[in-house]
Amino acid sequence: MALALALKIHGVDAEIFEARERAAVRRDPRVLALSDGARQILDWLGVWSGLAATPIEAIHISQRGGFGRTLLRAAELDLNTLGWVLPASELIAALDAAVSAAAIAYCENTKVGAGDTAGFPLTAFAEGAVEAGAGKLRDYGQHAVLCEVGIAAPHRNVAWERFTGEGPVALLPLGERYAVVLTCADEIVAAVKALDDEAFLALLQKRFGTRHRFIAVTPRVAYPLGLRYRPNPVGERQVWLGNAAQTLHPVAGQGFNLALRDIWELAQRVGAATDPGAPDVLADYAQGRQADRRGAIGFTDLLIDGFASDFPPLRHARGAGLLALDLLPPLRAFVAKRMIYGARAWP
């Protein structure tokens, strides 16, 4: 939907083909962490102003059982906020309403495969996952357990990324609650989901620590975690973007933000072209997205590997790195802007 709206702004007509019922698309239980760069793109699409998103003014990054931490602050970067948090369902509803208002054709219950696109000048696969055999795959052996928790004290718009031996824990401010992403090994995720509220809160408290006290929790859902990406996101009159081009671990919240940057650049390239599916147009798009895609993929994968071990020398080295990042404002600003704006933040 975002791509169709972006193309419309550039004067290019598009049709949406959705495998599910249109109403089912809105029933997405996930919560999105949007960078301020993503907010700018959504504002350009005309869907941001009506959204009740919660701002992130600071991000606290730490590891359990080791020294060192980093605090990223919006004020240090002369920004009002580092990012925003909102339910995916609310953004989808806003995009859907904008698609209807723009009179963009929407065909629901219609699945389109790579072999069904003859006759179209360009087909963009923007949903689903990278197919087996079409790219590079890595199974992290983890699930993300998602829920929302009530807290005893205000969150003050601070997000948390807490690395533990069992995997990262993220807390994202959402209204007066926190949205939680709790990483669990595959072999225990069923048991974690089966915990009653009191036992789950105790587990979360143990994993996160004592800087917040959790007092209530919503029902939990879980998603498997892996890295899947297409080295080349284009083909003959075809392009893959979003999760169809790269599915990332949710650590650092890069996946959907990267997808919106894919959309921004693809719409620009196609809007300036006489033939939107011409080989040179798609090659230029792929080349233009290479640094940003590689950076986001490598960054999230490195974080998982770098914080996976509780071996004391490694834990101390990570702590030293977090401390150094906290003590070096230029480096901290570079990392923050890279997360917010993607490859545009590279010198």
# chains A, B, ... in the order shown; residues from 1 in each chain; ligands from 1

call {"tool": "select_by_dssp", "arguments": {"residues": "segment 41-278 of chain A", "states": "strand (DSSP E)", "output": "count of residues only"}}
result
82

call {"tool": "residues_around", "arguments": {"residues": "Thr123 of chain A", "least_positions_apart": "3", "cutoff": "8 Å", "atoms": "only C-alpha atoms", "output": "list in words"}}
result
Thr117, Phe120, Arg237, Gln238 and Val239 of chain A

call {"tool": "write_last_selection", "arguments": {"atoms": "N, CA and C atoms", "output": "mmCIF file, in the first residue's frame"}}
result
data_model
loop_
_atom_site.group_PDB
_atom_site.id
_atom_site.type_symbol
_atom_site.label_atom_id
_atom_site.label_comp_id
_atom_site.auth_asym_id
_atom_site.auth_seq_id
_atom_site.Cartn_x
_atom_site.Cartn_y
_atom_site.Cartn_z
ATOM 1 N N THR A 117 3.207 -12.785 -13.982
ATOM 2 C CA THR A 117 3.337 -11.343 -14.173
ATOM 3 C C THR A 117 3.566 -10.931 -15.620
ATOM 4 N N PHE A 120 2.816 -7.223 -17.478
ATOM 5 C CA PHE A 120 2.980 -6.044 -16.632
ATOM 6 C C PHE A 120 4.339 -5.402 -16.912
ATOM 7 N N ARG A 237 11.832 -7.380 -15.195
ATOM 8 C CA ARG A 237 10.598 -6.641 -14.934
ATOM 9 C C ARG A 237 9.976 -7.006 -13.579
ATOM 10 N N GLN A 238 10.834 -7.354 -12.640
ATOM 11 C CA GLN A 238 10.386 -7.696 -11.297
ATOM 12 C C GLN A 238 11.344 -7.083 -10.278
ATOM 13 N N VAL A 239 10.769 -6.720 -9.117
ATOM 14 C CA VAL A 239 11.573 -6.188 -8.028
ATOM 15 C C VAL A 239 10.989 -6.708 -6.720
#

call {"tool": "closest_atom_pairs", "arguments": {"of": "segment 128-182 of chain A", "to": "segment 35-55 of chain A", "cutoff": "10 Å", "atoms": "only C-alpha atoms", "output": "tab-separated table"}}
result
residue	atom	partner	partner_atom	distance
A:Arg156	CA	A:Pro55	CA	9.7
A:Asn157	CA	A:Pro55	CA	6.3
A:Val158	CA	A:Pro55	CA	8.8
A:Ala159	CA	A:Pro55	CA	9.6
A:Leu172	CA	A:Thr54	CA	9.0
A:Pro173	CA	A:Thr54	CA	6.5
A:Leu174	CA	A:Thr54	CA	5.5
A:Gly175	CA	A:Thr54	CA	6.0
A:Glu176	CA	A:Thr54	CA	9.1

call {"tool": "closest_residue", "arguments": {"among": "A:Ala222, A:Ile263, A:Ala97, A:Ala33", "to": "Phe125 of chain A", "atoms": "only C-alpha atoms"}}
result
A:Ile263

call {"tool": "residues_around", "arguments": {"residues": "Arg30 of chain A", "least_positions_apart": "6", "cutoff": "8 Å", "atoms": "only C-alpha atoms", "output": "list of chain:residue names"}}
result
A:Pro87, A:Ala88, A:Ser89, A:Leu146

call {"tool": "residues_around", "arguments": {"residues": "Tyr285 of chain A", "least_positions_apart": "4", "cutoff": "9 Å", "atoms": "only C-alpha atoms", "output": "list in words"}}
result
Val234, Asp262, Glu265, Leu266, Arg269, Val270, Asp280, Val281, Arg289 and Gln290 of chain A

call {"tool": "write_last_selection", "arguments": {"atoms": "N, CA and C atoms", "output": "PDB file, in the first residue's frame"}}
result
ATOM      1  N   VAL A 234      16.311  -7.548  -7.767  1.00  0.00           N
ATOM      2  CA  VAL A 234      15.599  -7.277  -9.023  1.00  0.00           C
ATOM      3  C   VAL A 234      15.750  -8.456  -9.976  1.00  0.00           C
ATOM      4  N   ASP A 262      13.385   1.440   0.879  1.00  0.00           N
ATOM      5  CA  ASP A 262      13.264   0.766  -0.417  1.00  0.00           C
ATOM      6  C   ASP A 262      12.191   1.451  -1.267  1.00  0.00           C
ATOM      7  N   GLU A 265      13.084   5.013  -2.642  1.00  0.00           N
ATOM      8  CA  GLU A 265      14.014   5.049  -3.769  1.00  0.00           C
ATOM      9  C   GLU A 265      13.407   4.428  -5.017  1.00  0.00           C
ATOM     10  N   LEU A 266      12.662   3.324  -4.867  1.00  0.00           N
ATOM     11  CA  LEU A 266      12.052   2.696  -6.041  1.00  0.00           C
ATOM     12  C   LEU A 266      11.062   3.646  -6.709  1.00  0.00           C
ATOM     13  N   ARG A 269      12.933   6.234  -8.771  1.00  0.00           N
ATOM     14  CA  ARG A 269      13.513   5.690 -10.006  1.00  0.00           C
ATOM     15  C   ARG A 269      12.428   5.444 -11.053  1.00  0.00           C
ATOM     16  N   VAL A 270      11.343   4.810 -10.621  1.00  0.00           N
ATOM     17  CA  VAL A 270      10.269   4.473 -11.555  1.00  0.00           C
ATOM     18  C   VAL A 270       9.565   5.729 -12.057  1.00  0.00           C
ATOM     19  N   ASP A 280      17.968  -1.108 -17.098  1.00  0.00           N
ATOM     20  CA  ASP A 280      18.845  -0.104 -16.514  1.00  0.00           C
ATOM     21  C   ASP A 280      18.199   0.583 -15.320  1.00  0.00           C
ATOM     22  N   VAL A 281      16.873   0.757 -15.351  1.00  0.00           N
ATOM     23  CA  VAL A 281      16.161   1.369 -14.222  1.00  0.00           C
ATOM     24  C   VAL A 281      16.273   0.480 -12.982  1.00  0.00           C
ATOM     25  N   ARG A 289      20.401   0.835  -3.642  1.00  0.00           N
ATOM     26  CA  ARG A 289      19.977   0.286  -2.357  1.00  0.00           C
ATOM     27  C   ARG A 289      21.035  -0.613  -1.724  1.00  0.00           C
ATOM     28  N   GLN A 290      22.116  -0.882  -2.417  1.00  0.00           N
ATOM     29  CA  GLN A 290      23.073  -1.883  -1.964  1.00  0.00           C
ATOM     30  C   GLN A 290      23.698  -1.537  -0.616  1.00  0.00           C
TER      31      GLN A 290
END

call {"tool": "closest_residue", "arguments": {"among": "A:Gly253, A:Pro279, A:Gly342, A:Pro330", "to": "Leu34 of chain A", "atoms": "only C-alpha atoms"}}
result
A:Gly253

call {"tool": "atom_distance", "arguments": {"atom1": "atom CA of Val181 of chain A", "atom2": "atom CA of Ala126 of chain A"}}
result
24.0 Å
